[in-house]
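K.L.:
Please see the structure below; I have some questions.
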Amino acid sequence: MSSAYDRLDPRVRKWVYKQGWPDLRPLQKSAIPAILARDRDVLISAGTAAGKTEAFFLPACSAVADITSGFGIVYISPLKALINDQYRRLESLGEALDMPVTPWHGDILQSKKKKARTSPSGILLITPESLESLLINSSGWLKQAFSPVAYIVIDEFHAFIGTERGMQLLSLLNRIDHVLSRHANPIPRVALSATLGELDKVPELLRPDKLLPCETVTDDSSKATLQVQVKGYMESVSEEGEEPQNSAEKHVCADIFRLCRGDSHLVFANSRRRTESIAATLSDMCEEHIVPNEFFPHHGSLARELRETLEARLQKGNLPTTAICTMTLELGIDIGKVQSVIQVTPPHSVSSLRQRMGRSGRRDSPSVLRMLITEDELTATSSIVDQLRLQMVQSMAMIRLMISQRWFEPADTCQMHYSTLLHQILAITAQWGGVRADQLWSQLCQTGPFRNVELTDFKSLLKHMGACGLLTQLASGEMVIGAEGEKLTNHYTFYAVFNTPEEFRIVTGSRTLGTVPIDSPLLPEQHIIFGGRRWKVTEIEVEKKVIYVEATKGGQPPKFSGGGMSVHDVVRQEMLAIYRENDYRIAVGNQRVDYADAAARNLFAEGRDNFQRFNLQNTHFIASGQHCYVLPWMGDKVVNTMTALLLRSGFKANSYAGVIEVGDSIVASVQQALKEILLSGLPSEFELAADVPDKYLDKYDEYLPESLLAKGYGAKAFDVEGTRTWLQENLQ
DNA sequence: GACCTGCTGCGGCTTG
C-alpha cells in the first residue's frame with residue numbers, strides 16, 4: 001500500500017531518514033496530500049513543537065524540487081528572528097535538494113540580497129515589510145523571480161489576524177497575484193498557526209475572495225497535562241510621606257529565586273518596567289548569595305545583541321537560565337526546553353496566557369504554570385477595586401476559562417483599518433506609477449481585505465488624500481503620488497504600517513544597551529536600571545537622541561510608554577460567576593481542583609466577603625463615600641461606552657479595572673440618567689468618538705478625514721450594541 | 001496601572 005510518505009521526493013525521504021526520526025508525526029503525514037494537491041489553500045494548526053514547519057516544507061519542497069530558475073516557495077514571517085531560526089533549520093533540507101534558502105529582511109547584508117537578485121531560486125524567507133519594498137521598488141524583478149512560485153506560506157498566522165500588519169499582508173498577497181497575472185489560478189496560500197478558537201473562520205481570513213477552497217490540517221492528539229498554581233502576595237501600604245515598601249515584589253523575587261535557580265524558566269512580568277526591576281533584584285540576589293547570575297531581562301526596548309545572547313543561552317541549554325520577559329518570548333522563536341512558566345501579575349488576555357503556557361512542557365513532561373499575584377493591604381481608604389481583590393479574581397477567571405472552558409479571546413475582525421487602507425492606496429499608486437480610483441477600489445475593497453469599507457467613505461478618503469497633497473489627479477483621471485505623498489513613500493520608514501514612538505538610545509562606552517521613549521525624561525546623574533543592571537546617566541545628547549550611562553548601584557527602571565489593553569466581556573462575566581458561586585476551583589469530574597495557595601485563598605475570601613457586603617450578587621450599582629460605582633462585569637468596550645454616556649450626561653465618570661466611578665453622585669440619579677439615555681436612544685460609536693479630543697492612534701491617522709477618524713476610533717473603543725443589551729437587562 | 005513587530009539606497013570612510 002502506498003503511504004503518504006512515499007509521495008515525498010526520494011531526496012526528502014533520505015533527509016528524513018538521516019534526521020533519525022522513527023516516523024513522521026500524524027500532523028506531518030496528513031499534511032502531505034493536502035500540500036501536494038496544489039489546488040487549495042491549507043491551514044496547518046497545532047500546538048508548540050508539533051512539527052508544523054516540517055509538515056509544510058517536506059511535501060512543498062518535494063513539489064518544487066525541479067524548479068531551477070525563480071523562487072518555488074515564499075515563506076513570510078512576522079519576525080526577523082524567526083526567519084533566522086528557519087534559515088538554520090531549512091539549510092540542510094535545502095542542500096539535500098540542491099535548493100538555495102534565502103533569508104531576506106532588514107538585517108541581511110546587501111551583498112546577500114544582490115546575489116539572490118541575480119539568480120533567484122529555491123526558498124525565499126521574508127518579512128511583510130521587505131515584500132512591500134520589493135513590490136514598490138522592484139515589481140518588474142519580482143514578476144520574473146516569483147513567476148514559478150507554487151506556495152506562499154505564512155508562519156504564526158494567528159499573530160496577523162485582525163491586526164494592521166495582517167491587513168497589509170493580505171493586500172500584499174493580492175498584489176502579488178495581480179503582478180503575476182494569476183487572478184484566474186491564484187497561488188495556494190498555506191497558514192501555519194497555533195491552535196485557534198474559531199478554525200472555521202480562518203479560510204476566509206486567509207483568502208477573503210474565496211477563489212480557492214481551504215483544507216484544514218490539525219493535531220488532535222495534543223492531550224498535554226498541565227500543572228497550575230496561583231500564589232498570593234500582600235503589599236503593605238505605606239503611611240503618607242513614607243517610602244513605598246515594595247515588600248511584595250521582594251517576596252515575589254525571593255520565590256522566583258528559589259523556584260527557578262538551577263534550571264531554565266520563563267517569567268512573564270507584563271511590563272518592561274517590572275521586567276527590568278525584577279531582573280535587577282534577582283541579579284542582586286545572586287550576588288548576595290555569591291552564585292553566578294542566571295537571571296536576564298528580555299523585552300522590545302533591549303538592544304538586539306543583548307536579546308540574542310540570552311536567546312542563544314536558552315537555546316543551548318547547558319547553563320541554567322531564567323528569562324524575565326514581556327511578550328517578546330511569546331511567539332515561536334527557538335528557545336529550547338523550559339521547565340516552567342511564571343506569570344507575575346494577571347496576563348492581558350487568556351489567549352496570551354495560553355501561548356505563554358505552551359512555552360513549557362514537552363511530550364514527556366507536563367506544562368507548569370505559576371501565577372504570582374500581588375494585592376494591596378486594605379486600609380480605611382482602599383478603593384473598591386482593591387477591596388474586591390479584582391486582580392486575584394481576574395487571574396482565577398482566566399485560568400478557569402483556559403482550562404475548563406477551553407475558551408480564549410477571538411481576534412477582533414471588525415476594525416476599519418483606515419490608516420492601513422491609506423497606506424495601501426499610497427503603496428499601490430507608488431508601485432504602478434499611476435492608477436485609476438476604480439482600480440484601487442476593486443483591488444483593495446472589493447476583492448481585497450478592506451471589505452468593511454463603504455464606497456462613499458472610500459471616495460471621501462481619496463478626496464481628502466488629494467487635499468492633503470498625498471495624491472494628485474491627472475487630466476486623464478489617473479491618480480499619481482502627490483508632493484506630500486512623495487515625502488512619505490520615498491522614506492524607508494514607509495514600508496511598515498504600524499506606529500513607533502520616537503526614542504533615545506542608551507549607550508555605555510561604545511555599546512548600545514537599548515532604547516527608551518522620548519517622553520520619559522531622564523536627567524544627568526539619575527540612577528536607572530536597564531538590561532537588568534544598574535547605571536548612572538552621565539550625559540544626554542538631545543540632538544543625536546543618545547543617553548550615555550556608566551555602571552553604578554541603586555536606581556529604578558525608566559518609564560516606558562504604551563497603550564492600554566482591553567479585557568474581554570467573557571473574562572469579566574467569569575469573574576462574576578466566581579464571586580456568585582463563591583468558588584474559584586476547577587471542576588474535574590465530580591471533584592473540584594484547588595490551585596490556590598493559602599495566601600491566594602485568603603485574598604479570595606476577602607474579595608468575596610466584600611462582594612457580599614456590597615450586595616453585589618443583587619445589584620450592579622453601589623454607593624461608597626461620596627461616589628456611585630457601576631460594576632457591569634462587562635469588557636472594556638462596554639465599560640468605555642457607559643463611561644462616555646455618563647460623561648455626555650454631565651457626570652464626572654471614569655473607569656479602572658472594569659469599575660466605573662461616578663463622582664459626587666447617588667445611585668438613583670445615575671440609574672435615572674441611564675434609563676433616559678436608553679429611552680431616548682443611544683448615540684452611535686461614531687458620535688461618541690466625536691467627543692474624544694485626541695483620536696490619533698495609528699500611523700497615518702493624521703491624514704484621515706475627520707469622519708473616518710471618528711468612525712475608526714469608535715469601532716476600536718466602543719460597543720454600543722453590547723451596552724444597549726446590558727442596560728435593557730440590568731435597569732429595572 | 002500598560003505589549004510587540006519592521007525598514008532603502010547610497011555617500012563616505014577605513015582596511016587589506
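We label chains A, B, ... in the order they appear in the C-alpha cells, count residues from 1 in each chain, and number ligands from 1 in the order shown.
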Each residue of chain B lying at most 9 Å from chain A should get a row with its shortest atom-to-atom pair and the distance in Å to one decimal, counting only C-alpha atoms (C1' of nucleotides); could you produce that, ordered by chain and increasing number, as a Markdown table?

P.N.:
```
| residue | atom | partner | partner_atom | distance |
| --- | --- | --- | --- | --- |
| B:DG1 | C1' | A:Tyr656 | CA | 8.8 |
| B:DA2 | C1' | A:Gly564 | CA | 5.3 |
| B:DC3 | C1' | A:Met327 | CA | 6.1 |
| B:DC4 | C1' | A:Thr328 | CA | 6.6 |
| B:DT5 | C1' | A:Pro78 | CA | 6.7 |
| B:DG6 | C1' | A:Ala496 | CA | 5.5 |
| B:DC7 | C1' | A:Thr493 | CA | 5.4 |
| B:DT8 | C1' | A:Tyr492 | CA | 5.3 |
```

K.L.:
Need the shell around A:Pro347: protein/DNA/RNA residues with any atom at most 9 Å away, counting only C-alpha atoms (C1' of nucleotides). Skip same-chain ones fewer than 2 positions apart. Format as number ranges by chain?

P.N.:
A: 268-270, 343-345, 349-350, 352-353, 395, 398

K.L.:
Find the spatial neighbours of stretch 83-97 of chain A, counting only C-alpha atoms (C1' of nucleotides), within a cut-off of 8 Å - ignore same-chain residues fewer than 5 positions away - and output them as an MDAnalysis selection string.

P.N.:
chainID A and resid 11:12 15 65 77 102:103 122 125:126 333:334

K.L.:
Go ahead and compute the interatomic distance for atom CA of A:Ala717 and atom CA of A:Asp636, in Å to one decimal.

P.N.:
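These two atoms are separated by 8.3 Å.
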
K.L.:
In stretch 459-514 of chain A, what's strand (DSSP E) per DSSP? Answer as a list in words?

P.N.:
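Written out, the strand (DSSP E) residues of stretch 459-514 of chain A are Leu471, Thr472, Gln473, Met479, Val480, Ile481, Glu503, Phe504, Arg505, Ile506, Val507, Thr508, Arg511, Thr512, Leu513 and Gly514 of chain A.
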
K.L.:
Within stretch 277-451 of chain A, find each residue whose DSSP state, derived from the backbone, is alpha helix (DSSP H), and express the selection as a PyMOL selection string.

P.N.:
chain A and resi 277-288+304-316+350-357+384-387+390-403+418-432+437-440

K.L.:
Keeping only C-alpha atoms, write those residues as an mmCIF file, in the first residue's frame.

P.N.:
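See selection.cif below for the written result:
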```cif
data_model
loop_
_atom_site.group_PDB
_atom_site.id
_atom_site.type_symbol
_atom_site.label_atom_id
_atom_site.label_comp_id
_atom_site.auth_asym_id
_atom_site.auth_seq_id
_atom_site.Cartn_x
_atom_site.Cartn_y
_atom_site.Cartn_z
ATOM 1 C CA SER A 277 13.074 45.747 38.166
ATOM 2 C CA ILE A 278 12.631 42.003 38.815
ATOM 3 C CA ALA A 279 15.661 41.082 36.705
ATOM 4 C CA ALA A 280 17.857 43.536 38.637
ATOM 5 C CA THR A 281 16.606 42.320 42.029
ATOM 6 C CA LEU A 282 17.293 38.704 41.061
ATOM 7 C CA SER A 283 20.817 39.567 39.837
ATOM 8 C CA ASP A 284 21.435 41.315 43.167
ATOM 9 C CA MET A 285 20.274 38.184 44.989
ATOM 10 C CA CYS A 286 22.737 36.065 43.019
ATOM 11 C CA GLU A 287 25.497 38.467 44.043
ATOM 12 C CA GLU A 288 24.428 38.344 47.710
ATOM 13 C CA ARG A 304 19.270 43.093 19.740
ATOM 14 C CA GLU A 305 22.728 41.951 20.811
ATOM 15 C CA LEU A 306 21.636 41.547 24.449
ATOM 16 C CA ARG A 307 18.475 39.731 23.452
ATOM 17 C CA GLU A 308 20.284 37.356 21.107
ATOM 18 C CA THR A 309 22.876 36.474 23.743
ATOM 19 C CA LEU A 310 20.066 35.418 26.076
ATOM 20 C CA GLU A 311 18.163 33.546 23.332
ATOM 21 C CA ALA A 312 21.314 31.622 22.394
ATOM 22 C CA ARG A 313 21.982 30.777 26.058
ATOM 23 C CA LEU A 314 18.433 29.425 26.473
ATOM 24 C CA GLN A 315 18.667 27.504 23.211
ATOM 25 C CA LYS A 316 21.988 25.870 24.084
ATOM 26 C CA VAL A 350 -6.455 34.301 28.027
ATOM 27 C CA SER A 351 -5.071 33.828 24.523
ATOM 28 C CA SER A 352 -1.719 35.264 25.550
ATOM 29 C CA LEU A 353 -1.740 33.138 28.722
ATOM 30 C CA ARG A 354 -2.248 30.029 26.565
ATOM 31 C CA GLN A 355 0.550 30.989 24.249
ATOM 32 C CA ARG A 356 2.883 31.568 27.216
ATOM 33 C CA MET A 357 1.952 28.303 28.885
ATOM 34 C CA ILE A 384 -13.447 49.126 45.581
ATOM 35 C CA VAL A 385 -11.026 47.545 43.099
ATOM 36 C CA ASP A 386 -8.684 46.599 45.961
ATOM 37 C CA GLN A 387 -11.478 45.578 48.309
ATOM 38 C CA LEU A 390 -10.098 42.091 41.319
ATOM 39 C CA GLN A 391 -6.519 41.202 40.275
ATOM 40 C CA MET A 392 -6.729 37.870 42.067
ATOM 41 C CA VAL A 393 -10.207 37.050 40.787
ATOM 42 C CA GLN A 394 -9.284 38.049 37.226
ATOM 43 C CA SER A 395 -6.320 35.670 37.355
ATOM 44 C CA MET A 396 -8.582 32.886 38.607
ATOM 45 C CA ALA A 397 -11.198 33.605 35.922
ATOM 46 C CA MET A 398 -8.556 33.439 33.198
ATOM 47 C CA ILE A 399 -7.240 30.104 34.466
ATOM 48 C CA ARG A 400 -10.757 28.641 34.580
ATOM 49 C CA LEU A 401 -11.591 29.868 31.084
ATOM 50 C CA MET A 402 -8.356 28.463 29.710
ATOM 51 C CA ILE A 403 -8.585 25.059 31.390
ATOM 52 C CA TYR A 418 -8.407 53.176 7.584
ATOM 53 C CA SER A 419 -4.768 54.056 8.350
ATOM 54 C CA THR A 420 -3.602 50.836 6.688
ATOM 55 C CA LEU A 421 -6.027 51.362 3.778
ATOM 56 C CA LEU A 422 -4.474 54.800 3.216
ATOM 57 C CA HIS A 423 -1.021 53.195 3.323
ATOM 58 C CA GLN A 424 -2.020 50.597 0.718
ATOM 59 C CA ILE A 425 -3.519 53.260 -1.557
ATOM 60 C CA LEU A 426 -0.166 55.061 -1.494
ATOM 61 C CA ALA A 427 1.784 51.794 -1.882
ATOM 62 C CA ILE A 428 -0.208 50.616 -4.927
ATOM 63 C CA THR A 429 -0.029 54.069 -6.513
ATOM 64 C CA ALA A 430 3.746 54.152 -5.935
ATOM 65 C CA GLN A 431 4.101 50.620 -7.290
ATOM 66 C CA TRP A 432 2.144 51.283 -10.511
ATOM 67 C CA ALA A 437 -9.718 55.210 -8.492
ATOM 68 C CA ASP A 438 -11.901 52.276 -9.591
ATOM 69 C CA GLN A 439 -8.833 50.011 -9.789
ATOM 70 C CA LEU A 440 -7.906 50.916 -6.216
#
```

K.L.:
Need to verify the contact set: stretch 367-373 of chain A, 10 Å, only C-alpha atoms (C1' of nucleotides), exclusion of same-chain residues closer than 6 positions in sequence. Can you return it as a PyMOL selection string?

P.N.:
chain A and resi 224-234+248-249+252-253+255-256+265-269+338-347+353+356-361+391-393+395-396+399+595-596+599-600+603

K.L.:
Output N, CA and C atoms for every residue in that selection, as a CSV table (one decimal), in the first residue's frame.

P.N.:
```
chain,number,residue,atom,x,y,z
A,224,ALA,N,-2.0,17.4,26.3
A,224,ALA,CA,-0.9,17.7,27.2
A,224,ALA,C,-1.4,17.9,28.7
A,225,THR,N,-0.7,17.4,29.6
A,225,THR,CA,-1.0,17.7,31.0
A,225,THR,C,-0.5,19.0,31.5
A,226,LEU,N,-1.1,19.5,32.5
A,226,LEU,CA,-0.9,20.9,32.9
A,226,LEU,C,-0.9,21.0,34.4
A,227,GLN,N,0.1,21.7,35.0
A,227,GLN,CA,0.0,21.9,36.4
A,227,GLN,C,0.0,23.4,36.7
A,228,VAL,N,-1.0,23.9,37.4
A,228,VAL,CA,-1.2,25.3,37.7
A,228,VAL,C,-1.2,25.6,39.1
A,229,GLN,N,-0.6,26.7,39.5
A,229,GLN,CA,-0.7,27.2,40.9
A,229,GLN,C,-0.9,28.7,40.9
A,230,VAL,N,-1.7,29.2,41.7
A,230,VAL,CA,-1.8,30.7,41.9
A,230,VAL,C,-1.3,31.0,43.3
A,231,LYS,N,-0.3,31.9,43.5
A,231,LYS,CA,0.2,32.3,44.8
A,231,LYS,C,-0.1,33.7,45.0
A,232,GLY,N,-0.6,34.0,46.2
A,232,GLY,CA,-0.9,35.4,46.6
A,232,GLY,C,0.2,36.1,47.4
A,233,TYR,N,0.3,37.4,47.3
A,233,TYR,CA,1.2,38.2,48.0
A,233,TYR,C,0.5,39.5,48.5
A,234,MET,N,0.9,40.0,49.7
A,234,MET,CA,0.3,41.2,50.2
A,234,MET,C,1.3,42.3,50.2
A,248,ALA,N,6.2,43.3,48.6
A,248,ALA,CA,5.6,42.1,47.9
A,248,ALA,C,6.5,41.7,46.8
A,249,GLU,N,7.0,42.7,46.0
A,249,GLU,CA,7.9,42.4,44.9
A,249,GLU,C,9.2,41.6,45.4
A,252,VAL,N,8.1,38.1,46.0
A,252,VAL,CA,7.9,37.5,44.7
A,252,VAL,C,9.3,37.1,44.1
A,253,CYS,N,10.2,38.0,44.2
A,253,CYS,CA,11.6,37.7,43.7
A,253,CYS,C,12.2,36.6,44.5
A,255,ASP,N,10.8,34.1,45.9
A,255,ASP,CA,10.2,32.9,45.4
A,255,ASP,C,10.7,32.5,44.0
A,256,ILE,N,10.8,33.5,43.1
A,256,ILE,CA,11.3,33.2,41.8
A,256,ILE,C,12.8,32.6,41.9
A,265,HIS,N,13.8,28.7,33.0
A,265,HIS,CA,12.4,29.1,33.1
A,265,HIS,C,12.1,30.4,32.4
A,266,LEU,N,10.8,30.7,32.2
A,266,LEU,CA,10.4,32.0,31.7
A,266,LEU,C,9.5,32.7,32.7
A,267,VAL,N,9.8,33.9,33.0
A,267,VAL,CA,9.0,34.7,33.9
A,267,VAL,C,8.4,35.9,33.1
A,268,PHE,N,7.1,35.9,32.9
A,268,PHE,CA,6.4,36.9,32.2
A,268,PHE,C,5.9,38.0,33.2
A,269,ALA,N,6.4,39.2,33.0
A,269,ALA,CA,6.2,40.2,34.0
A,269,ALA,C,5.3,41.4,33.5
A,338,VAL,N,11.9,24.6,28.4
A,338,VAL,CA,11.8,25.4,29.6
A,338,VAL,C,11.1,24.6,30.6
A,339,GLN,N,11.6,24.6,31.8
A,339,GLN,CA,10.9,23.8,32.9
A,339,GLN,C,9.6,24.3,33.3
A,340,SER,N,9.4,25.6,33.5
A,340,SER,CA,8.2,26.2,33.9
A,340,SER,C,8.0,27.6,33.4
A,341,VAL,N,6.7,28.1,33.5
A,341,VAL,CA,6.4,29.4,33.2
A,341,VAL,C,5.9,30.1,34.4
A,342,ILE,N,6.3,31.3,34.7
A,342,ILE,CA,5.8,32.0,35.8
A,342,ILE,C,5.2,33.3,35.3
A,343,GLN,N,4.0,33.6,35.7
A,343,GLN,CA,3.3,34.9,35.3
A,343,GLN,C,3.2,35.8,36.5
A,344,VAL,N,3.8,36.9,36.5
A,344,VAL,CA,3.7,37.9,37.6
A,344,VAL,C,2.7,39.0,37.2
A,345,THR,N,1.7,39.2,38.1
A,345,THR,CA,0.5,40.0,37.8
A,345,THR,C,-0.3,39.3,36.7
A,346,PRO,N,-1.6,39.6,36.7
A,346,PRO,CA,-2.5,38.8,35.7
A,346,PRO,C,-2.1,39.1,34.3
A,347,PRO,N,-2.2,38.1,33.4
A,347,PRO,CA,-1.9,38.3,32.0
A,347,PRO,C,-3.0,39.2,31.4
A,353,LEU,N,-2.1,34.1,27.7
A,353,LEU,CA,-1.7,33.1,28.7
A,353,LEU,C,-1.5,31.7,28.1
A,356,ARG,N,1.8,31.6,26.3
A,356,ARG,CA,2.9,31.6,27.2
A,356,ARG,C,3.0,30.2,27.9
A,357,MET,N,1.9,29.6,28.2
A,357,MET,CA,2.0,28.3,28.9
A,357,MET,C,2.5,27.3,28.0
A,358,GLY,N,2.2,27.4,26.7
A,358,GLY,CA,2.7,26.4,25.7
A,358,GLY,C,4.2,26.5,25.6
A,359,ARG,N,4.9,27.5,26.1
A,359,ARG,CA,6.4,27.6,26.1
A,359,ARG,C,7.0,26.6,27.0
A,360,SER,N,6.3,26.0,28.0
A,360,SER,CA,6.9,25.0,28.9
A,360,SER,C,6.3,23.6,28.6
A,361,GLY,N,7.0,22.6,29.0
A,361,GLY,CA,6.5,21.2,28.8
A,361,GLY,C,6.7,20.7,27.4
A,391,GLN,N,-7.7,41.8,40.9
A,391,GLN,CA,-6.5,41.2,40.3
A,391,GLN,C,-6.5,39.7,40.5
A,392,MET,N,-6.7,39.3,41.7
A,392,MET,CA,-6.7,37.9,42.1
A,392,MET,C,-7.9,37.1,41.4
A,393,VAL,N,-9.1,37.7,41.4
A,393,VAL,CA,-10.2,37.1,40.8
A,393,VAL,C,-10.1,37.0,39.3
A,395,SER,N,-7.3,36.8,37.6
A,395,SER,CA,-6.3,35.7,37.4
A,395,SER,C,-7.0,34.3,37.4
A,396,MET,N,-7.9,34.2,38.4
A,396,MET,CA,-8.6,32.9,38.6
A,396,MET,C,-9.6,32.7,37.5
A,399,ILE,N,-7.7,31.5,34.4
A,399,ILE,CA,-7.2,30.1,34.5
A,399,ILE,C,-8.4,29.2,34.2
A,595,TYR,N,-6.3,25.2,43.1
A,595,TYR,CA,-4.9,25.6,42.6
A,595,TYR,C,-4.3,26.8,43.3
A,596,ALA,N,-5.0,27.2,44.4
A,596,ALA,CA,-4.5,28.5,45.1
A,596,ALA,C,-3.7,28.1,46.3
A,599,ALA,N,-2.2,32.0,50.9
A,599,ALA,CA,-2.3,33.5,50.8
A,599,ALA,C,-3.3,33.8,49.7
A,600,ALA,N,-3.3,33.1,48.6
A,600,ALA,CA,-4.3,33.4,47.5
A,600,ALA,C,-5.7,33.1,47.9
A,603,LEU,N,-6.9,35.9,50.1
A,603,LEU,CA,-7.2,37.1,49.3
A,603,LEU,C,-8.6,36.9,48.7
```
